[in-house]
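What follows is the content of data31.cif, which has mmCIF, C-alpha atoms:
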data_target
#
loop_
_atom_site.label_atom_id
_atom_site.label_comp_id
_atom_site.auth_asym_id
_atom_site.auth_seq_id
_atom_site.Cartn_x
_atom_site.Cartn_y
_atom_site.Cartn_z
CA MET Q 13 6.97 7.96 -9.32
CA THR Q 14 10.32 6.27 -8.89
CA PRO Q 15 12.83 4.49 -11.14
CA GLY Q 16 11.89 0.92 -12.03
CA GLN Q 17 14.54 -0.69 -9.83
CA TYR Q 18 13.48 1.36 -6.79
CA GLY Q 19 11.46 -0.57 -4.21
CA ASP Q 20 7.94 0.27 -3.06
CA SER Q 21 8.65 0.31 0.66
CA PRO Q 22 10.81 3.49 0.66
CA GLN Q 23 7.78 5.33 -0.77
CA PHE Q 24 5.52 4.13 2.05
CA ARG Q 25 5.58 7.32 4.12
CA THR Q 26 5.33 9.57 1.06
CA VAL Q 27 2.20 7.81 -0.13
CA LEU Q 28 0.66 7.89 3.36
CA GLN Q 29 1.27 11.64 3.57
CA ALA Q 30 -0.52 12.16 0.26
CA ILE Q 31 -3.73 10.40 1.39
CA ARG Q 32 -6.77 12.66 1.64
CA ILE Q 33 -10.08 11.03 2.61
CA PRO Q 34 -13.03 13.36 1.94
CA ARG Q 35 -15.53 13.87 4.74
CA LEU Q 36 -19.24 13.33 4.20
CA GLY Q 37 -20.06 16.72 5.67
CA PRO Q 38 -18.13 19.96 5.81
CA GLY Q 39 -14.51 20.05 6.91
CA ARG Q 40 -11.12 19.34 5.53
CA PRO Q 41 -10.30 15.83 4.35
CA ARG Q 42 -8.82 13.33 6.79
CA SER Q 43 -5.19 12.43 6.32
CA ARG Q 44 -5.25 9.28 8.44
CA PRO Q 45 -7.00 6.13 7.20
CA ASP Q 46 -8.96 3.91 9.60
CA HIS Q 47 -7.04 0.80 8.59
CA LEU Q 48 -4.22 -0.17 6.24
CA SER Q 49 -3.65 -3.53 4.56
CA ALA Q 50 -0.35 -4.22 2.82
CA ASP Q 51 1.71 -7.16 1.64
CA ARG Q 52 4.92 -8.57 3.11
CA GLY Q 53 7.07 -6.02 1.31
CA TYR Q 54 5.91 -3.34 3.75
CA SER Q 55 6.58 -5.37 6.89
CA SER Q 56 9.63 -3.46 8.08
CA ARG Q 57 9.96 -2.39 11.68
CA ALA Q 58 10.20 1.27 10.59
CA ASN Q 59 6.87 1.06 8.72
CA ARG Q 60 5.14 -0.57 11.67
CA VAL Q 61 6.52 2.02 14.10
CA HIS Q 62 5.37 4.82 11.79
CA LEU Q 63 1.86 3.36 11.65
CA ARG Q 64 1.72 2.95 15.44
CA ARG Q 65 2.83 6.55 16.00
CA ARG Q 66 0.09 7.79 13.68
CA LYS Q 67 -2.41 5.43 15.37
CA ILE Q 68 -3.26 3.65 12.12
CA ARG Q 69 -4.37 0.06 12.58
CA HIS Q 70 -2.78 -2.25 10.05
CA THR Q 71 -2.85 -5.75 8.65
CA ILE Q 72 0.58 -6.63 7.30
CA PRO Q 73 1.77 -10.25 7.28
CA GLU Q 74 5.11 -10.90 8.92
CA PRO Q 75 7.61 -12.74 6.68
CA ARG Q 76 9.03 -16.00 8.00
CA ASP Q 77 12.54 -14.64 8.45
CA GLN Q 78 11.32 -11.68 10.52
CA ARG Q 79 9.12 -13.98 12.58
CA ALA Q 80 12.06 -16.34 13.20
CA ASN Q 81 14.36 -13.46 14.19
CA ARG Q 82 11.76 -12.09 16.60
CA ARG Q 83 11.27 -15.50 18.22
CA ARG Q 84 15.02 -16.09 18.40
CA ARG Q 85 15.47 -12.87 20.39
CA GLY Q 86 12.91 -14.03 22.94
CA SER Q 87 11.23 -11.35 25.02
CA ALA Q 88 13.58 -8.72 23.54
CA GLY Q 89 12.13 -9.46 20.10
CA GLY Q 90 8.79 -7.91 20.95
CA ARG Q 91 5.27 -9.17 20.66
CA PRO Q 92 3.90 -10.95 17.60
CA THR Q 93 2.22 -8.69 15.11
CA GLY Q 94 -1.56 -8.71 15.26
CA PHE Q 95 -2.49 -10.22 11.91
CA ASP Q 96 -6.16 -10.50 10.90
CA ALA Q 97 -6.35 -13.11 8.14
CA GLU Q 98 -10.01 -12.33 7.35
CA ARG Q 99 -9.32 -8.63 6.84
CA TYR Q 100 -6.26 -9.46 4.73
CA LYS Q 101 -8.41 -11.47 2.34
CA GLY Q 102 -10.12 -8.23 1.26
CA ARG Q 103 -6.83 -6.89 -0.08
CA ASN Q 104 -7.21 -9.01 -3.20
CA VAL Q 105 -9.81 -6.55 -4.54
CA VAL Q 106 -7.12 -3.88 -4.85
CA GLU Q 107 -4.64 -6.38 -6.30
CA ARG Q 108 -7.15 -7.42 -8.97
CA ALA Q 109 -7.81 -3.76 -9.86
CA ILE Q 110 -4.07 -3.12 -10.28
CA ASN Q 111 -3.75 -6.24 -12.42
CA ARG Q 112 -6.58 -5.02 -14.64
CA LEU Q 113 -4.70 -1.75 -15.11
CA LYS Q 114 -1.56 -3.69 -16.01
CA ASN Q 115 -3.45 -5.38 -18.85
CA PHE Q 116 -2.88 -2.11 -20.69
CA HIS Q 117 0.58 -2.35 -22.25
CA ALA Q 118 1.40 1.33 -21.72
CA VAL Q 119 0.65 1.06 -17.99
CA ALA Q 120 2.54 -2.20 -17.48
CA THR Q 121 5.71 -1.14 -19.30
CA ARG Q 122 5.78 2.50 -18.15
CA TYR Q 123 7.85 3.86 -21.01
CA ASP Q 124 6.61 7.43 -20.44
CA LYS Q 125 9.41 9.75 -19.42
CA ARG Q 126 7.25 12.28 -17.63
CA ALA Q 127 5.14 11.48 -14.57
CA TYR Q 128 2.15 13.57 -15.69
CA ILE Q 129 1.95 11.66 -18.99
CA PHE Q 130 2.02 8.34 -17.13
CA LEU Q 131 -0.69 9.62 -14.78
CA GLY Q 132 -2.80 10.45 -17.84
CA THR Q 133 -2.21 6.95 -19.22
CA VAL Q 134 -3.29 5.33 -15.95
CA THR Q 135 -6.34 7.63 -15.76
CA LEU Q 136 -7.37 6.73 -19.29
CA ALA Q 137 -6.95 3.01 -18.57
CA ALA Q 138 -9.06 3.36 -15.40
CA LEU Q 139 -11.79 5.17 -17.34
CA ILE Q 140 -11.85 2.48 -19.99
CA ILE Q 141 -12.14 -0.21 -17.30
CA LEU Q 142 -14.92 1.77 -15.61
CA LEU Q 143 -16.87 2.17 -18.85
CA ARG Q 144 -16.57 -1.53 -19.70
CA THR Q 145 -18.15 -2.64 -16.42
#

Kindly transcribe the structure held in the file into structure tokens.
Amino acid sequence: MTPGQYGDSPQFRTVLQAIRIPRLGPGRPRSRPDHLSADRGYSSRANRVHLRRRKIRHTIPEPRDQRANRRRRGSAGGRPTGFDAERYKGRNVVERAINRLKNFHAVATRYDKRAYIFLGTVTLAALIILLRT
């Protein structure tokens, strides 16, 4: 949890380190997802390098200004990012789920001072959404 004015992208690595994907059989959970889809806010060179080093495939659109700068630099600008538009379309499912959570005033405004209280608020909102469907 960060202050409201703090961007999402600086938390990128922290969130990736916290990922634990349970295995179907015995064994410890995986810490590396098969694929990652994110919006333009996560399109920094540092994020892409981090994903490549960890061998995580990703679908992140490249903003126009970054694309123009890369093209302007010619061969020194690197290759175009591999962007799969069809896979990116599936990201809207997560966006819609977050928007449903934000329908709860306490989640959208985040007035809670303590992170564990906010986590409880989000958990309660998710349970209510789950029970309604």

Taking into account all atoms listed in the file, which residue in the set Q:Ile68, Q:Ala118, Q:Ala88, Q:Ile141 is nearest to Q:Ser49?
-> Q:Ile68

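For the atom pair formed by atom CA of Q:Ile140 and atom CA of Q:Leu113, the distance is 9.6 Å, given to one decimal.
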
Considering all atoms listed in the file, state which residue in the set Q:Val134, Q:Leu143, Q:Ile72, Q:Ala120 is at the smallest distance from Q:Lys101.
->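 Among the listed residues, Q:Ile72 lies closest to Q:Lys101.
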
Find the residue from Q:Asn115, Q:His70, Q:Ala127, Q:Arg40 that sits nearest to Q:Asp96; use all atoms listed in the file when measuring.
-> Q:His70

Residues matched by the PyMOL selection byres ((chain Q and resi 138) around 12) as a PDB file with C-alpha atoms, in the coordinates of the input:
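Wrote expr_11.pdb, looks like this:
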ATOM      1  CA  ALA Q 109      -7.810  -3.760  -9.860  1.00  0.00           C
ATOM      2  CA  ILE Q 110      -4.070  -3.120 -10.280  1.00  0.00           C
ATOM      3  CA  ASN Q 111      -3.750  -6.240 -12.420  1.00  0.00           C
ATOM      4  CA  ARG Q 112      -6.580  -5.020 -14.640  1.00  0.00           C
ATOM      5  CA  LEU Q 113      -4.700  -1.750 -15.110  1.00  0.00           C
ATOM      6  CA  LYS Q 114      -1.560  -3.690 -16.010  1.00  0.00           C
ATOM      7  CA  ASN Q 115      -3.450  -5.380 -18.850  1.00  0.00           C
ATOM      8  CA  PHE Q 116      -2.880  -2.110 -20.690  1.00  0.00           C
ATOM      9  CA  VAL Q 119       0.650   1.060 -17.990  1.00  0.00           C
ATOM     10  CA  LEU Q 131      -0.690   9.620 -14.780  1.00  0.00           C
ATOM     11  CA  GLY Q 132      -2.800  10.450 -17.840  1.00  0.00           C
ATOM     12  CA  THR Q 133      -2.210   6.950 -19.220  1.00  0.00           C
ATOM     13  CA  VAL Q 134      -3.290   5.330 -15.950  1.00  0.00           C
ATOM     14  CA  THR Q 135      -6.340   7.630 -15.760  1.00  0.00           C
ATOM     15  CA  LEU Q 136      -7.370   6.730 -19.290  1.00  0.00           C
ATOM     16  CA  ALA Q 137      -6.950   3.010 -18.570  1.00  0.00           C
ATOM     17  CA  LEU Q 139     -11.790   5.170 -17.340  1.00  0.00           C
ATOM     18  CA  ILE Q 140     -11.850   2.480 -19.990  1.00  0.00           C
ATOM     19  CA  ILE Q 141     -12.140  -0.210 -17.300  1.00  0.00           C
ATOM     20  CA  LEU Q 142     -14.920   1.770 -15.610  1.00  0.00           C
ATOM     21  CA  LEU Q 143     -16.870   2.170 -18.850  1.00  0.00           C
ATOM     22  CA  ARG Q 144     -16.570  -1.530 -19.700  1.00  0.00           C
ATOM     23  CA  THR Q 145     -18.150  -2.640 -16.420  1.00  0.00           C
TER      24      THR Q 145
END
